[in-house]
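Asks: Structure file work-v7.pdb (PDB, C-alpha atoms and all ligand atoms) is given on the next line.
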```pdb
MODEL        1
ATOM      1  CA  MET A   1      77.024  98.299 182.417
ATOM      2  CA  THR A   2      77.310  96.674 178.992
ATOM      3  CA  ALA A   3      77.500  92.862 178.570
ATOM      4  CA  PHE A   4      81.193  93.288 177.597
ATOM      5  CA  GLU A   5      81.956  95.216 180.785
ATOM      6  CA  SER A   6      80.154  92.749 182.997
ATOM      7  CA  ARG A   7      82.116  89.883 181.405
ATOM      8  CA  THR A   8      85.380  91.769 182.024
ATOM      9  CA  PHE A   9      84.523  92.313 185.699
ATOM     10  CA  ARG A  10      83.498  88.649 186.064
ATOM     11  CA  GLN A  11      86.780  87.448 184.526
ATOM     12  CA  SER A  12      88.730  89.792 186.813
ATOM     13  CA  ARG A  13      86.822  88.813 189.963
ATOM     14  CA  TRP A  14      88.348  89.822 193.319
ATOM     15  CA  ARG A  15      88.731  87.022 195.856
ATOM     16  CA  PHE A  16      90.255  86.688 199.295
ATOM     17  CA  ASP A  17      92.282  83.575 198.436
ATOM     18  CA  PHE A  18      95.480  83.893 196.420
ATOM     19  CA  PRO A  19      95.116  82.418 192.882
ATOM     20  CA  HIS A  20      96.198  78.799 192.738
ATOM     21  CA  ASP A  21      98.670  78.605 189.850
ATOM     22  CA  PRO A  22     101.931  76.638 189.937
ATOM     23  CA  GLU A  23     103.326  79.045 187.320
ATOM     24  CA  ILE A  24     103.374  81.906 189.830
ATOM     25  CA  SER A  25     106.905  81.903 191.240
ATOM     26  CA  LEU A  26     107.572  81.879 194.965
ATOM     27  CA  ASP A  27     109.190  85.341 194.706
ATOM     28  CA  ILE A  28     106.130  86.847 193.012
ATOM     29  CA  ARG A  29     103.886  85.185 195.561
ATOM     30  CA  ARG A  30     105.989  86.700 198.351
ATOM     31  CA  TRP A  31     105.843  90.145 196.751
ATOM     32  CA  ILE A  32     102.079  90.009 196.413
ATOM     33  CA  THR A  33     101.091  88.457 199.719
ATOM     34  CA  GLY A  34     103.677  90.269 201.859
ATOM     35  CA  ALA A  35     102.312  92.434 204.660
ATOM     36  CA  GLY A  36     103.701  95.841 205.655
ATOM     37  CA  SER A  37     104.517  98.678 203.327
ATOM     38  CA  LEU A  38     105.098  97.679 199.706
ATOM     39  CA  THR A  39     106.986 100.960 199.237
ATOM     40  CA  GLN A  40     109.407 100.025 202.000
ATOM     41  CA  ARG A  41     109.892  96.518 200.618
ATOM     42  CA  LEU A  42     110.593  97.883 197.130
ATOM     43  CA  ILE A  43     113.099 100.374 198.577
ATOM     44  CA  SER A  44     114.907  97.504 200.330
ATOM     45  CA  ALA A  45     115.011  95.429 197.137
ATOM     46  CA  SER A  46     116.349  98.039 194.712
ATOM     47  CA  GLY A  47     119.007 100.711 194.204
ATOM     48  CA  THR A  48     116.637 103.612 193.534
ATOM     49  CA  PHE A  49     112.914 103.905 194.158
ATOM     50  CA  ARG A  50     110.594 106.569 192.797
ATOM     51  CA  VAL A  51     106.869 107.352 192.718
ATOM     52  CA  GLN A  52     105.559 108.880 189.497
ATOM     53  CA  LEU A  53     102.260 110.646 190.134
ATOM     54  CA  LEU A  54      99.919 110.221 187.145
ATOM     55  CA  SER A  55      96.842 111.955 188.534
ATOM     56  CA  GLN A  56      94.968 112.828 191.701
ATOM     57  CA  GLN A  57      91.443 114.078 191.087
ATOM     58  CA  PRO A  58      87.746 113.307 191.657
ATOM     59  CA  MET A  59      86.521 110.559 189.323
ATOM     60  CA  PRO A  60      83.604 108.105 189.240
ATOM     61  CA  PRO A  61      84.665 104.900 191.042
ATOM     62  CA  LEU A  62      84.806 101.654 189.040
ATOM     63  CA  ALA A  63      81.856  99.262 189.106
ATOM     64  CA  ASP A  64      83.866  96.806 191.248
ATOM     65  CA  GLU A  65      85.042  99.318 193.865
ATOM     66  CA  TRP A  66      82.441 101.674 195.301
ATOM     67  CA  ARG A  67      80.737  99.067 197.491
ATOM     68  CA  ARG A  68      84.114  98.270 199.085
ATOM     69  CA  LEU A  69      84.199 101.870 200.302
ATOM     70  CA  GLY A  70      80.809 101.377 201.966
ATOM     71  CA  MET A  71      79.104 103.708 199.467
ATOM     72  CA  ARG A  72      75.448 103.203 198.650
ATOM     73  CA  TRP A  73      75.614 104.697 195.209
ATOM     74  CA  GLN A  74      78.263 105.522 192.635
ATOM     75  CA  ARG A  75      79.394 109.127 192.977
ATOM     76  CA  PRO A  76      82.832 110.686 192.390
ATOM     77  CA  VAL A  77      85.680 109.668 194.693
ATOM     78  CA  VAL A  78      89.154 111.127 195.150
ATOM     79  CA  THR A  79      91.323 109.032 192.822
ATOM     80  CA  ARG A  80      95.118 108.850 192.923
ATOM     81  CA  GLU A  81      97.128 106.908 190.357
ATOM     82  CA  VAL A  82     100.860 106.356 190.458
ATOM     83  CA  ILE A  83     103.578 104.166 189.030
ATOM     84  CA  LEU A  84     106.187 102.804 191.404
ATOM     85  CA  LEU A  85     109.607 102.525 189.742
ATOM     86  CA  CYS A  86     112.626 100.596 190.938
ATOM     87  CA  ASP A  87     115.925 101.403 189.217
ATOM     88  CA  ASP A  88     113.826 103.322 186.667
ATOM     89  CA  GLU A  89     111.758 100.242 185.747
ATOM     90  CA  PRO A  90     107.995 100.433 186.411
ATOM     91  CA  VAL A  91     107.129  97.601 188.808
ATOM     92  CA  VAL A  92     103.680  98.521 190.201
ATOM     93  CA  PHE A  93     100.713 100.550 188.973
ATOM     94  CA  ALA A  94      98.734 101.747 192.009
ATOM     95  CA  HIS A  95      95.229 103.148 192.035
ATOM     96  CA  THR A  96      93.730 104.550 195.231
ATOM     97  CA  VAL A  97      90.180 105.737 195.822
ATOM     98  CA  ALA A  98      88.749 107.449 198.882
ATOM     99  CA  ARG A  99      85.355 108.809 199.805
ATOM    100  CA  PRO A 100      85.415 112.546 199.288
ATOM    101  CA  GLU A 101      83.550 113.627 202.424
ATOM    102  CA  ARG A 102      85.656 114.442 205.519
ATOM    103  CA  MET A 103      88.802 114.148 203.401
ATOM    104  CA  ARG A 104      90.658 116.790 205.426
ATOM    105  CA  GLN A 105      89.892 115.186 208.788
ATOM    106  CA  ASP A 106      90.286 111.537 207.813
ATOM    107  CA  TRP A 107      93.194 111.678 205.323
ATOM    108  CA  PRO A 108      94.976 114.982 206.066
ATOM    109  CA  PHE A 109      98.213 113.927 204.317
ATOM    110  CA  LEU A 110      96.651 112.930 200.971
ATOM    111  CA  ARG A 111      96.279 116.358 199.450
ATOM    112  CA  GLY A 112      99.907 117.404 199.669
ATOM    113  CA  LEU A 113     101.423 113.990 198.966
ATOM    114  CA  GLY A 114     102.448 114.558 195.325
ATOM    115  CA  HIS A 115     105.320 112.292 194.278
ATOM    116  CA  ARG A 116     105.851 110.969 197.818
ATOM    117  CA  SER A 117     104.585 107.465 198.467
ATOM    118  CA  LEU A 118     101.251 107.012 200.141
ATOM    119  CA  GLY A 119     102.779 104.047 201.992
ATOM    120  CA  SER A 120     105.243 106.355 203.737
ATOM    121  CA  ALA A 121     102.296 108.259 205.268
ATOM    122  CA  LEU A 122      99.977 105.320 205.979
ATOM    123  CA  PHE A 123     102.394 103.025 207.752
ATOM    124  CA  ILE A 124     103.708 105.552 210.269
ATOM    125  CA  ASP A 125     100.229 106.613 211.403
ATOM    126  CA  PRO A 126      99.005 104.545 214.377
ATOM    127  CA  GLN A 127      95.391 105.519 213.594
ATOM    128  CA  VAL A 128      95.503 103.675 210.253
ATOM    129  CA  ALA A 129      94.278 100.053 210.072
ATOM    130  CA  ARG A 130      94.348  97.770 207.037
ATOM    131  CA  THR A 131      91.751  95.112 206.175
ATOM    132  CA  PRO A 132      92.656  91.761 204.492
ATOM    133  CA  PHE A 133      93.867  91.650 200.893
ATOM    134  CA  GLU A 134      91.750  90.574 197.941
ATOM    135  CA  PHE A 135      93.482  89.209 194.853
ATOM    136  CA  ALA A 136      92.582  89.155 191.164
ATOM    137  CA  ARG A 137      93.986  88.508 187.741
ATOM    138  CA  LEU A 138      92.914  91.610 185.909
ATOM    139  CA  ALA A 139      91.899  90.911 182.315
ATOM    140  CA  PRO A 140      93.476  93.212 179.705
ATOM    141  CA  HIS A 141      90.091  94.886 179.154
ATOM    142  CA  HIS A 142      89.647  95.780 182.831
ATOM    143  CA  PRO A 143      89.503  99.599 183.131
ATOM    144  CA  LEU A 144      92.512  99.676 185.488
ATOM    145  CA  MET A 145      94.582  97.698 182.990
ATOM    146  CA  GLN A 146      93.511 100.110 180.275
ATOM    147  CA  ARG A 147      94.763 102.999 182.404
ATOM    148  CA  ALA A 148      98.034 101.179 183.076
ATOM    149  CA  PHE A 149      98.484 100.596 179.302
ATOM    150  CA  GLN A 150      97.842 104.251 178.644
ATOM    151  CA  ALA A 151     100.531 105.301 181.127
ATOM    152  CA  LEU A 152     102.949 102.533 180.082
ATOM    153  CA  PRO A 153     102.611 101.915 176.333
ATOM    154  CA  ALA A 154     105.411  99.284 176.363
ATOM    155  CA  LEU A 155     103.460  97.003 178.742
ATOM    156  CA  PRO A 156     102.505  93.691 177.032
ATOM    157  CA  ARG A 157      98.751  93.695 176.410
ATOM    158  CA  GLU A 158      97.914  90.045 175.953
ATOM    159  CA  ARG A 159      98.049  88.598 179.456
ATOM    160  CA  PRO A 160      96.104  89.287 182.620
ATOM    161  CA  LEU A 161      98.193  90.753 185.463
ATOM    162  CA  LEU A 162      98.074  89.882 189.146
ATOM    163  CA  ALA A 163      96.701  92.539 191.427
ATOM    164  CA  ARG A 164      95.743  92.952 195.045
ATOM    165  CA  ARG A 165      93.680  95.479 196.913
ATOM    166  CA  SER A 166      92.744  96.327 200.474
ATOM    167  CA  VAL A 167      90.879  98.954 202.378
ATOM    168  CA  PHE A 168      92.715 101.246 204.794
ATOM    169  CA  ARG A 169      90.655 102.848 207.538
ATOM    170  CA  ARG A 170      91.379 105.967 209.543
ATOM    171  CA  ALA A 171      88.839 107.749 211.776
ATOM    172  CA  GLN A 172      85.617 107.518 209.729
ATOM    173  CA  GLY A 173      87.438 107.301 206.395
ATOM    174  CA  ALA A 174      87.906 104.368 204.033
ATOM    175  CA  MET A 175      90.516 104.231 201.262
ATOM    176  CA  LEU A 176      90.794 101.379 198.765
ATOM    177  CA  VAL A 177      94.344 100.821 197.470
ATOM    178  CA  THR A 178      94.759  98.571 194.404
ATOM    179  CA  GLU A 179      98.199  97.521 193.221
ATOM    180  CA  ILE A 180      98.816  95.895 189.829
ATOM    181  CA  PHE A 181     102.096  93.996 189.704
ATOM    182  CA  LEU A 182     103.969  94.607 186.454
ATOM    183  CA  PRO A 183     106.208  92.050 184.674
ATOM    184  CA  SER A 184     109.497  93.834 185.608
ATOM    185  CA  LEU A 185     108.871  93.062 189.270
ATOM    186  CA  ALA A 186     110.114  89.522 188.524
ATOM    187  CA  ARG A 187     113.681  90.963 188.383
ATOM    188  CA  LEU A 188     113.606  91.915 192.057
ATOM    189  CA  ARG A 189     114.062  89.555 194.990
ATOM    190  CA  PRO A 190     111.498  90.212 197.723
ATOM    191  CA  PRO A 191     113.188  91.145 201.007
ATOM    192  CA  HIS A 192     112.241  89.498 204.259
ATOM    193  CA  GLN A 193     109.626  91.380 206.233
ATOM    194  CA  VAL A 194     110.715  94.967 206.886
ATOM    195  CA  GLN A 195     109.231  97.758 208.976
ATOM    196  CA  PHE A 196     108.904 101.431 208.123
ATOM    197  CA  GLY A 197     111.241 103.832 209.854
TER     198      GLY A 197
HETATM  199  C1  LIG A 201     100.070 101.316 200.245
HETATM  200  C2  LIG A 201     101.307 101.609 199.936
HETATM  201  O1  LIG A 201     101.589 102.669 199.169
HETATM  202  C3  LIG A 201     102.028 102.514 197.855
HETATM  203  C4  LIG A 201     102.127 103.868 197.251
HETATM  204  C5  LIG A 201     101.049 104.437 196.662
HETATM  205  C6  LIG A 201     100.953 105.875 196.265
HETATM  206  O2  LIG A 201     101.880 106.640 196.485
HETATM  207  O3  LIG A 201      99.890 106.274 195.767
HETATM  208  C7  LIG A 201      99.957 103.655 196.413
HETATM  209  C8  LIG A 201      99.925 102.343 196.699
HETATM  210  C9  LIG A 201     101.081 101.614 197.159
HETATM  211  O4  LIG A 201     101.604 100.882 196.132
HETATM  212  C10 LIG A 201     102.450 100.800 200.379
HETATM  213  O5  LIG A 201     103.581 101.274 200.297
HETATM  214  O6  LIG A 201     102.210  99.659 200.834
ENDMDL
END
```
So, in terms of structure tokens, how does the structure I just supplied come out?
Replies:
Amino acid sequence: MTAFESRTFRQSRWRFDFPHDPEISLDIRRWITGAGSLTQRLISASGTFRVQLLSQQPMPPLADEWRRLGMRWQRPVVTREVILLCDDEPVVFAHTVARPERMRQDWPFLRGLGHRSLGSALFIDPQVARTPFEFARLAPHHPLMQRAFQALPALPRERPLLARRSVFRRAQGAMLVTEIFLPSLARLRPPHQVQFG
């Protein structure tokens, strides 16, 4: 890792406590800390909801993610990237990584998911458990921000964006889901807690 990269990862450090910042509105705080399926909450808050699949392929995990999957060294992981759109406005950039071994047994629905939301599969499966959220302000140079900028050229590039991530477990599998919250989310009022189904 270069000195520049290590500074970027330090600035974008993941922590279990939500960032203390009076400028973060109550609505944004509720969006980001809310439990349950984000997909389902976005559906409840908007007229139309859509998942745009950017890619799903093996890729090297980022320097700040492979240990969270319990890996001992950095080798390619199944990587899925999507944009979640409400009323045709991009509101979340989501990046999911999973260990490639036992993919078929542990995450049988992932392969054929396509433009359907991962949340719709995870939250109806009683075998799936979620671990606590970590939060970060991702600096514009963070590799995930760079990928979000590439997919969404109109996204402002000056400010860090709030993100959260958590590990889902099923059987022996671990899947790390990171969600970057985009500025247009501020238009939507977070619903009260909703359940899938
Ligand atoms: C984890 C959820 O699924 C959402 C949908 C995703 C996808 O389809 O890849 C990824 C992350 C989430 O933003 C959720 O709805 O809470």
Asks: Using all atoms listed in the file, which of A:Glu81, A:Asp125, A:Asp87, A:Glu101 sits nearest ligand LIG 201 (chain A)?
Replies: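 Checking each candidate against ligand LIG 201 (chain A), we get A:Glu81 as the closest.
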Asks: Please determine the residues with any atom at most 12 Å from (99.1, 91.7, 182.3) (coordinates as given in the file, with all atoms listed in the file counting) and report them as a JSON list (two decimals) with C-alpha atoms, in the frame of the given file.
Replies:
```json
[["chain", "number", "residue", "atom", "x", "y", "z"],
["A", 12, "SER", "CA", 88.73, 89.79, 186.81],
["A", 91, "VAL", "CA", 107.13, 97.60, 188.81],
["A", 92, "VAL", "CA", 103.68, 98.52, 190.20],
["A", 93, "PHE", "CA", 100.71, 100.55, 188.97],
["A", 136, "ALA", "CA", 92.58, 89.16, 191.16],
["A", 137, "ARG", "CA", 93.99, 88.51, 187.74],
["A", 138, "LEU", "CA", 92.91, 91.61, 185.91],
["A", 139, "ALA", "CA", 91.90, 90.91, 182.32],
["A", 140, "PRO", "CA", 93.48, 93.21, 179.70],
["A", 141, "HIS", "CA", 90.09, 94.89, 179.15],
["A", 142, "HIS", "CA", 89.65, 95.78, 182.83],
["A", 144, "LEU", "CA", 92.51, 99.68, 185.49],
["A", 145, "MET", "CA", 94.58, 97.70, 182.99],
["A", 146, "GLN", "CA", 93.51, 100.11, 180.28],
["A", 148, "ALA", "CA", 98.03, 101.18, 183.08],
["A", 149, "PHE", "CA", 98.48, 100.60, 179.30],
["A", 152, "LEU", "CA", 102.95, 102.53, 180.08],
["A", 154, "ALA", "CA", 105.41, 99.28, 176.36],
["A", 155, "LEU", "CA", 103.46, 97.00, 178.74],
["A", 156, "PRO", "CA", 102.50, 93.69, 177.03],
["A", 157, "ARG", "CA", 98.75, 93.70, 176.41],
["A", 158, "GLU", "CA", 97.91, 90.04, 175.95],
["A", 159, "ARG", "CA", 98.05, 88.60, 179.46],
["A", 160, "PRO", "CA", 96.10, 89.29, 182.62],
["A", 161, "LEU", "CA", 98.19, 90.75, 185.46],
["A", 162, "LEU", "CA", 98.07, 89.88, 189.15],
["A", 163, "ALA", "CA", 96.70, 92.54, 191.43],
["A", 180, "ILE", "CA", 98.82, 95.90, 189.83],
["A", 181, "PHE", "CA", 102.10, 94.00, 189.70],
["A", 182, "LEU", "CA", 103.97, 94.61, 186.45],
["A", 183, "PRO", "CA", 106.21, 92.05, 184.67],
["A", 184, "SER", "CA", 109.50, 93.83, 185.61]]
```
Asks: Hey, which of A:Ala129, A:Val77, A:Ala186, A:Ala94 ends up closest to ligand LIG 201 (chain A)? Count all atoms listed in the file.
Replies: A:Ala94
Asks: Pick out the residues no farther than 9 Å from ligand LIG 201 (chain A), counting all atoms listed in the file, and list them as an NGL selection string.
Replies: :A and (35-42 or 51-53 or 80-84 or 92-96 or 113-123 or 166 or 168 or 177-180)
Asks: Can you pull out the residues contacting Pro143 (chain A)? Cut-off 10 Å, using all atoms listed in the file, and skip same-chain residues under 6 positions away; I want them as a PyMOL selection string.
Replies: chain A and resi 5+8-9+62-63+149
Asks: I'd like the interatomic distance between CA of Trp66 (chain A) and CA of Met1 (chain A), to a tenth of an Å.
Replies: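 If I compute the distance from CA of Trp66 (chain A) to CA of Met1 (chain A), I get 14.4 Å.
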Asks: Hey, can you pull every residue with an atom no more than 10 Å from (84.3, 98.4, 192.6), using all atoms listed in the file, and send it as a list in words?
Replies: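 Output of the proximity query reads Phe9, Trp14, Pro61, Leu62, Ala63, Asp64, Glu65, Trp66, Arg67, Arg68, Leu69, Gln74, Val97 and Leu176 of chain A.
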Asks: Mind pulling up the distance from CA of Pro60 (chain A) to CA of Gln172 (chain A)?
Replies: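 Separating CA of Gln172 (chain A) from CA of Pro60 (chain A) is a distance of 20.6 Å.
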